file input.txt (compact mmCIF, C-alpha atoms)
# COMPACT_ATOMS: atom_id res chain seq x y z
CA MET A 748 97.99 88.26 71.46
CA ASN A 749 97.83 87.83 67.69
CA LEU A 750 101.05 87.02 65.96
CA MET A 751 100.82 87.65 62.21
CA ILE A 752 103.37 85.55 60.39
CA GLU A 753 103.65 85.80 56.67
CA ARG A 754 104.94 82.60 55.20
CA ALA A 755 105.64 81.23 51.80
CA SER A 756 104.10 78.06 50.53
CA GLY A 757 105.60 74.94 52.00
CA PRO A 758 106.97 74.23 55.48
CA LEU A 759 109.10 76.80 57.26
CA PRO A 760 112.74 76.00 57.67
CA ARG A 761 113.55 74.35 61.01
CA PRO A 762 115.39 77.39 62.51
CA VAL A 763 112.42 79.60 61.70
CA ARG A 764 109.97 77.15 63.30
CA ARG A 765 112.02 77.14 66.51
CA GLY A 766 112.01 80.94 66.57
CA VAL A 767 108.26 81.11 66.18
CA THR A 768 107.74 78.53 68.95
CA SER A 769 109.93 80.50 71.38
CA LEU A 770 108.14 83.73 70.52
CA LEU A 771 104.74 82.15 71.21
CA ALA A 772 105.94 80.80 74.57
CA VAL A 773 107.19 84.22 75.64
CA GLY A 774 103.90 85.84 74.59
CA LEU A 775 101.80 83.35 76.56
CA ALA A 776 103.91 83.82 79.71
CA ALA A 777 103.58 87.60 79.48
CA THR A 778 99.81 87.28 79.08
CA ALA A 779 99.57 85.10 82.21
CA LEU A 780 101.57 87.55 84.30
CA THR A 781 99.47 90.48 83.05
CA GLY A 782 96.29 88.63 84.01
CA CYS A 783 97.54 88.07 87.59
CA SER A 784 98.47 91.71 87.97
CA ALA A 785 95.09 92.88 86.70
CA SER A 786 93.26 90.68 89.20
CA GLY A 787 95.12 92.36 92.03
CA ASN A 788 96.11 89.02 93.55
CA PRO A 789 99.60 88.10 92.38
CA ALA A 790 100.98 84.88 93.81
CA ASN A 791 103.88 86.54 95.59
CA GLU A 792 101.79 89.37 97.14
CA THR A 793 100.59 89.09 100.75
CA THR A 794 97.92 91.28 102.35
CA GLN A 795 98.48 92.28 105.96
CA ALA A 796 95.92 94.15 108.05
CA PRO A 797 97.29 97.15 109.93
CA ALA A 798 98.01 96.47 113.58
CA ALA A 799 95.42 97.84 115.99
CA SER A 800 96.52 100.68 118.21
CA SER A 801 96.79 100.12 121.95
CA ALA A 802 93.71 102.29 122.48
CA GLU A 803 91.67 100.21 120.01
CA ALA A 804 92.83 96.99 121.64
CA THR A 805 91.85 98.34 125.05
CA ALA A 806 88.39 99.32 123.81
CA ALA A 807 87.91 95.93 122.22
CA THR A 808 88.65 94.08 125.45
CA GLY A 809 86.62 96.47 127.60
CA GLN A 810 89.63 97.26 129.79
CA VAL A 811 90.06 100.93 130.59
CA VAL A 812 92.48 100.53 133.50
CA GLU A 813 94.65 97.68 134.70
CA LEU A 814 93.89 96.47 138.24
CA GLY A 815 96.77 95.41 140.47
CA ASP A 816 96.70 93.93 144.00
CA GLY A 817 92.96 94.48 144.35
CA TRP A 818 91.14 93.34 147.48
CA ALA A 819 88.11 94.12 149.64
CA LYS A 820 87.74 94.16 153.41
CA ALA A 821 85.50 91.48 154.91
CA ALA A 822 82.39 92.87 156.63
CA ASP A 823 79.26 91.32 158.13
CA SER A 824 77.14 94.46 157.86
CA ASN A 825 77.05 98.24 157.35
CA MET A 826 79.90 98.97 154.93
CA THR A 827 83.24 97.91 153.54
CA SER A 828 86.11 99.26 151.45
CA VAL A 829 87.90 98.16 148.29
CA PHE A 830 91.59 98.80 147.60
CA GLY A 831 94.18 98.20 144.89
CA SER A 832 96.01 100.04 142.13
CA LEU A 833 94.43 101.24 138.90
CA LYS A 834 96.92 101.83 136.09
CA ASN A 835 96.04 103.74 132.94
CA THR A 836 97.85 101.91 130.14
CA GLY A 837 96.32 104.10 127.43
CA ASP A 838 97.61 107.28 125.82
CA GLN A 839 94.87 109.58 127.13
CA ALA A 840 93.77 110.55 130.63
CA VAL A 841 90.74 108.76 132.08
CA THR A 842 88.52 109.71 135.01
CA LEU A 843 87.00 107.07 137.27
CA GLU A 844 83.68 108.70 138.02
CA SER A 845 81.38 106.11 139.59
CA ILE A 846 81.18 102.69 141.22
CA ALA A 847 78.39 100.13 141.29
CA ALA A 848 78.03 96.92 143.27
CA ALA A 849 74.36 96.14 142.78
CA ASP A 850 74.56 92.61 144.19
CA THR A 851 76.40 93.69 147.34
CA ALA A 852 75.62 97.27 148.38
CA ASP A 853 72.95 99.87 147.74
CA VAL A 854 75.46 102.74 147.79
CA ALA A 855 78.98 102.86 146.33
CA GLU A 856 81.22 105.94 146.35
CA LEU A 857 84.78 107.11 145.75
CA HIS A 858 86.36 108.40 148.95
CA GLU A 859 89.44 110.21 150.13
CA THR A 860 90.80 110.22 153.68
CA VAL A 861 91.64 113.55 155.28
CA MET A 862 92.99 114.67 158.64
CA ASN A 863 90.76 116.57 161.03
CA ASP A 864 92.92 119.45 162.27
CA GLN A 865 90.89 119.81 165.47
CA THR A 866 90.72 116.19 166.57
CA GLY A 867 93.76 114.78 164.81
CA ALA A 868 91.64 111.85 163.58
CA THR A 869 91.35 110.73 159.99
CA GLU A 870 87.98 111.12 158.31
CA MET A 871 86.50 109.97 155.03
CA LYS A 872 84.99 112.33 152.47
CA ARG A 873 83.30 111.61 149.19
CA VAL A 874 85.36 112.71 146.18
CA GLU A 875 83.50 115.03 143.83
CA GLY A 876 84.40 114.61 140.16
CA GLY A 877 86.12 111.24 140.56
CA PHE A 878 89.74 110.16 140.26
CA GLU A 879 91.63 111.33 137.16
CA ILE A 880 94.42 109.01 136.01
CA GLY A 881 96.87 110.35 133.45
CA PRO A 882 98.44 108.27 130.65
CA GLY A 883 100.81 105.73 132.16
CA GLU A 884 99.92 106.79 135.70
CA THR A 885 98.62 104.63 138.56
CA LYS A 886 95.95 105.57 141.09
CA THR A 887 96.59 103.82 144.40
CA LEU A 888 93.62 102.94 146.62
CA GLU A 889 94.74 101.93 150.11
CA PRO A 890 93.67 101.85 153.76
CA GLY A 891 94.11 105.30 155.24
CA GLY A 892 94.06 106.90 151.81
CA ASP A 893 91.82 107.10 148.76
CA HIS A 894 89.52 104.09 148.36
CA ILE A 895 86.23 102.71 147.10
CA MET A 896 83.47 102.65 149.72
CA LEU A 897 80.50 100.26 149.68
CA MET A 898 77.68 101.23 152.05
CA GLU A 899 74.32 99.82 153.03
CA LEU A 900 75.51 96.29 152.38
CA THR A 901 72.76 93.91 151.28
CA CYS A 902 74.80 90.82 152.18
CA ALA A 903 77.80 89.90 154.33
CA VAL A 904 81.11 90.13 152.48
CA GLN A 905 83.00 87.04 153.65
CA SER A 906 86.74 86.43 153.60
CA GLY A 907 87.77 83.89 150.97
CA THR A 908 85.12 84.94 148.47
CA ASP A 909 85.30 87.31 145.50
CA LEU A 910 83.60 90.65 145.00
CA THR A 911 82.74 92.14 141.60
CA LEU A 912 82.40 95.88 140.95
CA ASP A 913 81.46 97.97 137.93
CA LEU A 914 83.72 100.96 137.29
CA GLY A 915 82.17 103.90 135.43
CA PHE A 916 84.31 106.42 133.55
CA SER A 917 83.55 109.98 132.47
CA ASP A 918 83.69 109.07 128.76
CA GLY A 919 80.86 106.56 129.18
CA ARG A 920 82.96 103.40 129.24
CA THR A 921 82.52 100.78 131.97
CA GLN A 922 84.70 97.97 133.25
CA LYS A 923 84.11 95.05 135.59
CA ILE A 924 86.73 94.15 138.17
CA THR A 925 86.78 91.23 140.60
CA VAL A 926 88.75 91.33 143.86
CA PRO A 927 89.26 88.78 146.64
CA VAL A 928 87.84 89.49 150.09
CA ARG A 929 90.25 89.48 153.07
CA ASP A 930 90.00 89.90 156.82
CA TYR A 931 91.44 93.25 157.88
CA ALA A 932 91.21 95.00 161.23
CA GLY A 933 92.27 98.46 160.06
CA ALA A 934 90.54 101.17 158.01
CA GLN A 935 88.17 102.26 160.77
CA GLU A 936 87.95 105.91 159.66
CA HIS A 937 84.89 108.05 160.37
CA TYR A 938 83.06 110.32 157.98
CA ALA A 939 83.81 114.01 158.23
CA PRO A 940 81.21 115.92 160.32
CA GLY A 941 78.40 117.25 158.19
CA GLU A 942 78.99 114.80 155.34
CA GLU A 943 75.74 113.36 154.07
CA HIS A 944 75.71 109.91 152.52
CA SER A 945 72.40 108.65 151.20
CA GLY A 946 70.40 110.49 153.85
CA HIS A 947 72.59 109.40 156.76
CA GLY A 948 74.70 111.58 158.96
CA GLU A 949 78.07 110.65 160.41
CA HIS A 950 79.11 107.02 159.89
CA SER A 951 81.79 104.64 160.94
CA GLU A 952 82.92 101.43 159.31
CA MET A 953 82.46 99.69 162.66
CA PRO A 954 79.19 97.70 162.75
CA SER A 955 76.63 99.20 165.05
CA ALA A 956 74.92 97.24 167.81
CA GLN A 957 71.67 97.58 165.93
CA SER A 958 73.07 96.02 162.74
CA SER A 959 71.26 92.83 161.90
CA ALA A 960 73.05 89.80 160.53
CA LEU A 961 73.02 89.71 156.75
CA PRO A 962 72.97 86.66 154.49
CA GLU A 963 76.32 85.77 152.99
CA CYS A 964 77.01 87.30 149.59
CA HIS A 965 77.07 84.85 146.71
CA GLU A 966 80.23 84.85 144.62
CA HIS A 967 79.64 86.66 141.33
call {"tool": "encode", "arguments": {"input": "input.txt", "output": "structure tokens"}}
result
Amino acid sequence: MNLMIERASGPLPRPVRRGVTSLLAVGLAATALTGCSASGNPANETTQAPAASSAEATAATGQVVELGDGWAKAADSNMTSVFGSLKNTGDQAVTLESIAAADTADVAELHETVMNDQTGATEMKRVEGGFEIGPGETKTLEPGGDHIMLMELTCAVQSGTDLTLDLGFSDGRTQKITVPVRDYAGAQEHYAPGEEHSGHGEHSEMPSAQSSALPECHEH
């Protein structure tokens, strides 16, 4: 800022000098404020990043569904089941499509339990297409109902240990879950006649007499 002041010879009268001093002070203050504004960083301005949506937060943590009351049935050989509740806390439907338990079983499937009209017995069948869980909905996996089935166990699943599974979803996302192993005498359903599972025919969760003892699974 250039202030052009035309003055006569000799010192300015005192009132005039005071006026000029005040004018200069105001001009300097205005220049300082203008400079702050131009830099885009005024002292009283705060920058706040937009809050992440619930879907973005879920993706960031790798959690697609929320597991509740998860547990697995102890088994020395053959096969076992995993239960619990899977809640979709997102705003879009998800489909649980596959299961993997590479350190525990060679085969893992999603199963439903149906009634055989002829025998009156309950039988297990593999679910084609997976379990779809709508926004805010919960898929319950329980003995005598829908569940996760681990077959061709490579180690004995012992009570008091933990079991880790990989959930695979239709949109390509995956999620690890860990459940405690418990002793449980129920859930002895048979496979429906004609169901083929990894080249085997009809199966039962009961260990066969020919089943050999397996080494204990390591916690993972």
call {"tool": "closest_residue", "arguments": {"input": "input.txt", "among": "A:Ser845, A:Gln865, A:Thr827, A:Gln905", "to": "Gly919 (chain A)", "atoms": "all atoms listed in the file"}}
result
A:Ser845
call {"tool": "atom_distance", "arguments": {"input": "input.txt", "atom1": "CA of Asp838 (chain A)", "atom2": "CA of Pro927 (chain A)"}}
result
29.1 Å
call {"tool": "closest_residue", "arguments": {"input": "input.txt", "among": "A:Val811, A:Val861, A:Met896, A:Ala852", "to": "Ala840 (chain A)", "atoms": "all atoms listed in the file"}}
result
A:Val811
call {"tool": "atom_distance", "arguments": {"input": "input.txt", "atom1": "CA of Arg873 (chain A)", "atom2": "CA of Gly915 (chain A)"}}
result
15.8 Å
call {"tool": "atom_distance", "arguments": {"input": "input.txt", "atom1": "CA of Asp816 (chain A)", "atom2": "CA of Ala848 (chain A)"}}
result
18.9 Å
call {"tool": "axis_aligned_box", "arguments": {"input": "input.txt", "around": "region 863-877 of chain A", "padding_each_side": "4 Å", "output": "JSON"}}
result
{"center_x": 88.5, "center_y": 114.9, "center_z": 153.4, "size_x": 18.5, "size_y": 17.8, "size_z": 34.4}
call {"tool": "decode", "arguments": {"input": "input.txt", "residues": "region 829-845 of chain A", "atoms": "all heavy atoms", "output": "PDB file, in the first residue's frame"}}
result
ATOM      1  N   VAL A 829     -19.939 -75.762  12.449  1.00  0.00           N
ATOM      2  CA  VAL A 829     -19.708 -74.451  13.053  1.00  0.00           C
ATOM      3  C   VAL A 829     -21.028 -73.693  13.067  1.00  0.00           C
ATOM      4  O   VAL A 829     -21.771 -73.697  12.079  1.00  0.00           O
ATOM      5  CB  VAL A 829     -18.636 -73.654  12.273  1.00  0.00           C
ATOM      6  CG1 VAL A 829     -18.411 -72.290  12.902  1.00  0.00           C
ATOM      7  CG2 VAL A 829     -17.327 -74.443  12.217  1.00  0.00           C
ATOM      8  N   PHE A 830     -21.301 -73.023  14.189  1.00  0.00           N
ATOM      9  CA  PHE A 830     -22.574 -72.331  14.376  1.00  0.00           C
ATOM     10  C   PHE A 830     -22.340 -70.894  14.834  1.00  0.00           C
ATOM     11  O   PHE A 830     -21.220 -70.496  15.130  1.00  0.00           O
ATOM     12  CB  PHE A 830     -23.434 -73.077  15.399  1.00  0.00           C
ATOM     13  CG  PHE A 830     -23.531 -74.556  15.158  1.00  0.00           C
ATOM     14  CD1 PHE A 830     -22.776 -75.449  15.915  1.00  0.00           C
ATOM     15  CD2 PHE A 830     -24.360 -75.054  14.174  1.00  0.00           C
ATOM     16  CE1 PHE A 830     -22.860 -76.816  15.700  1.00  0.00           C
ATOM     17  CE2 PHE A 830     -24.451 -76.422  13.939  1.00  0.00           C
ATOM     18  CZ  PHE A 830     -23.690 -77.307  14.706  1.00  0.00           C
ATOM     19  N   GLY A 831     -23.411 -70.130  14.904  1.00  0.00           N
ATOM     20  CA  GLY A 831     -23.332 -68.739  15.348  1.00  0.00           C
ATOM     21  C   GLY A 831     -24.306 -67.886  14.553  1.00  0.00           C
ATOM     22  O   GLY A 831     -25.110 -68.385  13.762  1.00  0.00           O
ATOM     23  N   SER A 832     -24.240 -66.586  14.762  1.00  0.00           N
ATOM     24  CA  SER A 832     -25.088 -65.650  14.021  1.00  0.00           C
ATOM     25  C   SER A 832     -24.215 -64.676  13.252  1.00  0.00           C
ATOM     26  O   SER A 832     -23.206 -64.184  13.766  1.00  0.00           O
ATOM     27  CB  SER A 832     -26.012 -64.882  14.977  1.00  0.00           C
ATOM     28  OG  SER A 832     -25.254 -64.129  15.905  1.00  0.00           O
ATOM     29  N   LEU A 833     -24.594 -64.431  12.007  1.00  0.00           N
ATOM     30  CA  LEU A 833     -23.856 -63.523  11.133  1.00  0.00           C
ATOM     31  C   LEU A 833     -24.763 -62.340  10.801  1.00  0.00           C
ATOM     32  O   LEU A 833     -25.754 -62.501  10.093  1.00  0.00           O
ATOM     33  CB  LEU A 833     -23.420 -64.237   9.852  1.00  0.00           C
ATOM     34  CG  LEU A 833     -22.540 -65.477  10.041  1.00  0.00           C
ATOM     35  CD1 LEU A 833     -22.299 -66.163   8.704  1.00  0.00           C
ATOM     36  CD2 LEU A 833     -21.221 -65.112  10.703  1.00  0.00           C
ATOM     37  N   LYS A 834     -24.427 -61.178  11.321  1.00  0.00           N
ATOM     38  CA  LYS A 834     -25.267 -59.997  11.109  1.00  0.00           C
ATOM     39  C   LYS A 834     -24.640 -59.081  10.063  1.00  0.00           C
ATOM     40  O   LYS A 834     -23.455 -58.758  10.129  1.00  0.00           O
ATOM     41  CB  LYS A 834     -25.446 -59.220  12.420  1.00  0.00           C
ATOM     42  CG  LYS A 834     -26.340 -57.998  12.259  1.00  0.00           C
ATOM     43  CD  LYS A 834     -26.588 -57.295  13.584  1.00  0.00           C
ATOM     44  CE  LYS A 834     -27.520 -56.108  13.407  1.00  0.00           C
ATOM     45  NZ  LYS A 834     -27.811 -55.420  14.686  1.00  0.00           N
ATOM     46  N   ASN A 835     -25.453 -58.669   9.121  1.00  0.00           N
ATOM     47  CA  ASN A 835     -25.023 -57.718   8.097  1.00  0.00           C
ATOM     48  C   ASN A 835     -25.292 -56.303   8.610  1.00  0.00           C
ATOM     49  O   ASN A 835     -26.434 -55.855   8.643  1.00  0.00           O
ATOM     50  CB  ASN A 835     -25.782 -57.976   6.790  1.00  0.00           C
ATOM     51  CG  ASN A 835     -25.414 -56.989   5.693  1.00  0.00           C
ATOM     52  OD1 ASN A 835     -24.498 -56.182   5.841  1.00  0.00           O
ATOM     53  ND2 ASN A 835     -26.136 -57.045   4.588  1.00  0.00           N
ATOM     54  N   THR A 836     -24.242 -55.603   9.015  1.00  0.00           N
ATOM     55  CA  THR A 836     -24.394 -54.249   9.542  1.00  0.00           C
ATOM     56  C   THR A 836     -24.282 -53.188   8.452  1.00  0.00           C
ATOM     57  O   THR A 836     -24.366 -51.995   8.743  1.00  0.00           O
ATOM     58  CB  THR A 836     -23.334 -53.978  10.622  1.00  0.00           C
ATOM     59  OG1 THR A 836     -22.023 -54.157  10.053  1.00  0.00           O
ATOM     60  CG2 THR A 836     -23.488 -54.933  11.793  1.00  0.00           C
ATOM     61  N   GLY A 837     -24.098 -53.609   7.204  1.00  0.00           N
ATOM     62  CA  GLY A 837     -23.982 -52.669   6.102  1.00  0.00           C
ATOM     63  C   GLY A 837     -25.329 -52.258   5.541  1.00  0.00           C
ATOM     64  O   GLY A 837     -26.391 -52.653   6.039  1.00  0.00           O
ATOM     65  N   ASP A 838     -25.292 -51.456   4.479  1.00  0.00           N
ATOM     66  CA  ASP A 838     -26.525 -50.970   3.855  1.00  0.00           C
ATOM     67  C   ASP A 838     -26.840 -51.662   2.538  1.00  0.00           C
ATOM     68  O   ASP A 838     -27.713 -51.234   1.796  1.00  0.00           O
ATOM     69  CB  ASP A 838     -26.442 -49.451   3.641  1.00  0.00           C
ATOM     70  CG  ASP A 838     -25.194 -49.037   2.868  1.00  0.00           C
ATOM     71  OD1 ASP A 838     -24.479 -49.935   2.349  1.00  0.00           O
ATOM     72  OD2 ASP A 838     -24.919 -47.830   2.783  1.00  0.00           O
ATOM     73  N   GLN A 839     -26.111 -52.750   2.235  1.00  0.00           N
ATOM     74  CA  GLN A 839     -26.381 -53.533   1.037  1.00  0.00           C
ATOM     75  C   GLN A 839     -26.367 -55.012   1.391  1.00  0.00           C
ATOM     76  O   GLN A 839     -25.672 -55.439   2.323  1.00  0.00           O
ATOM     77  CB  GLN A 839     -25.339 -53.246  -0.050  1.00  0.00           C
ATOM     78  CG  GLN A 839     -25.389 -51.832  -0.598  1.00  0.00           C
ATOM     79  CD  GLN A 839     -24.412 -51.625  -1.737  1.00  0.00           C
ATOM     80  OE1 GLN A 839     -23.512 -52.440  -1.961  1.00  0.00           O
ATOM     81  NE2 GLN A 839     -24.572 -50.533  -2.466  1.00  0.00           N
ATOM     82  N   ALA A 840     -27.110 -55.805   0.641  1.00  0.00           N
ATOM     83  CA  ALA A 840     -27.155 -57.244   0.880  1.00  0.00           C
ATOM     84  C   ALA A 840     -25.799 -57.869   0.564  1.00  0.00           C
ATOM     85  O   ALA A 840     -25.079 -57.408  -0.330  1.00  0.00           O
ATOM     86  CB  ALA A 840     -28.244 -57.887   0.023  1.00  0.00           C
ATOM     87  N   VAL A 841     -25.451 -58.902   1.310  1.00  0.00           N
ATOM     88  CA  VAL A 841     -24.229 -59.660   1.056  1.00  0.00           C
ATOM     89  C   VAL A 841     -24.594 -61.133   0.964  1.00  0.00           C
ATOM     90  O   VAL A 841     -25.598 -61.570   1.531  1.00  0.00           O
ATOM     91  CB  VAL A 841     -23.165 -59.443   2.157  1.00  0.00           C
ATOM     92  CG1 VAL A 841     -22.740 -57.988   2.217  1.00  0.00           C
ATOM     93  CG2 VAL A 841     -23.682 -59.901   3.520  1.00  0.00           C
ATOM     94  N   THR A 842     -23.780 -61.894   0.238  1.00  0.00           N
ATOM     95  CA  THR A 842     -24.024 -63.330   0.102  1.00  0.00           C
ATOM     96  C   THR A 842     -22.784 -64.093   0.533  1.00  0.00           C
ATOM     97  O   THR A 842     -21.723 -63.955  -0.081  1.00  0.00           O
ATOM     98  CB  THR A 842     -24.378 -63.701  -1.346  1.00  0.00           C
ATOM     99  OG1 THR A 842     -25.563 -62.996  -1.740  1.00  0.00           O
ATOM    100  CG2 THR A 842     -24.620 -65.199  -1.472  1.00  0.00           C
ATOM    101  N   LEU A 843     -22.926 -64.865   1.610  1.00  0.00           N
ATOM    102  CA  LEU A 843     -21.847 -65.752   2.035  1.00  0.00           C
ATOM    103  C   LEU A 843     -21.829 -66.933   1.080  1.00  0.00           C
ATOM    104  O   LEU A 843     -22.780 -67.714   1.028  1.00  0.00           O
ATOM    105  CB  LEU A 843     -22.083 -66.218   3.475  1.00  0.00           C
ATOM    106  CG  LEU A 843     -21.096 -67.236   4.026  1.00  0.00           C
ATOM    107  CD1 LEU A 843     -19.677 -66.697   4.008  1.00  0.00           C
ATOM    108  CD2 LEU A 843     -21.495 -67.663   5.431  1.00  0.00           C
ATOM    109  N   GLU A 844     -20.748 -67.047   0.335  1.00  0.00           N
ATOM    110  CA  GLU A 844     -20.715 -67.985  -0.788  1.00  0.00           C
ATOM    111  C   GLU A 844     -19.823 -69.196  -0.529  1.00  0.00           C
ATOM    112  O   GLU A 844     -20.075 -70.288  -1.048  1.00  0.00           O
ATOM    113  CB  GLU A 844     -20.238 -67.239  -2.031  1.00  0.00           C
ATOM    114  CG  GLU A 844     -20.436 -67.955  -3.330  1.00  0.00           C
ATOM    115  CD  GLU A 844     -20.088 -67.077  -4.520  1.00  0.00           C
ATOM    116  OE1 GLU A 844     -18.943 -66.557  -4.575  1.00  0.00           O
ATOM    117  OE2 GLU A 844     -20.951 -66.894  -5.388  1.00  0.00           O
ATOM    118  N   SER A 845     -18.753 -69.022   0.252  1.00  0.00           N
ATOM    119  CA  SER A 845     -17.816 -70.128   0.434  1.00  0.00           C
ATOM    120  C   SER A 845     -17.169 -70.072   1.811  1.00  0.00           C
ATOM    121  O   SER A 845     -17.179 -69.037   2.491  1.00  0.00           O
ATOM    122  CB  SER A 845     -16.732 -70.094  -0.654  1.00  0.00           C
ATOM    123  OG  SER A 845     -15.958 -68.909  -0.538  1.00  0.00           O
TER     124      SER A 845
END
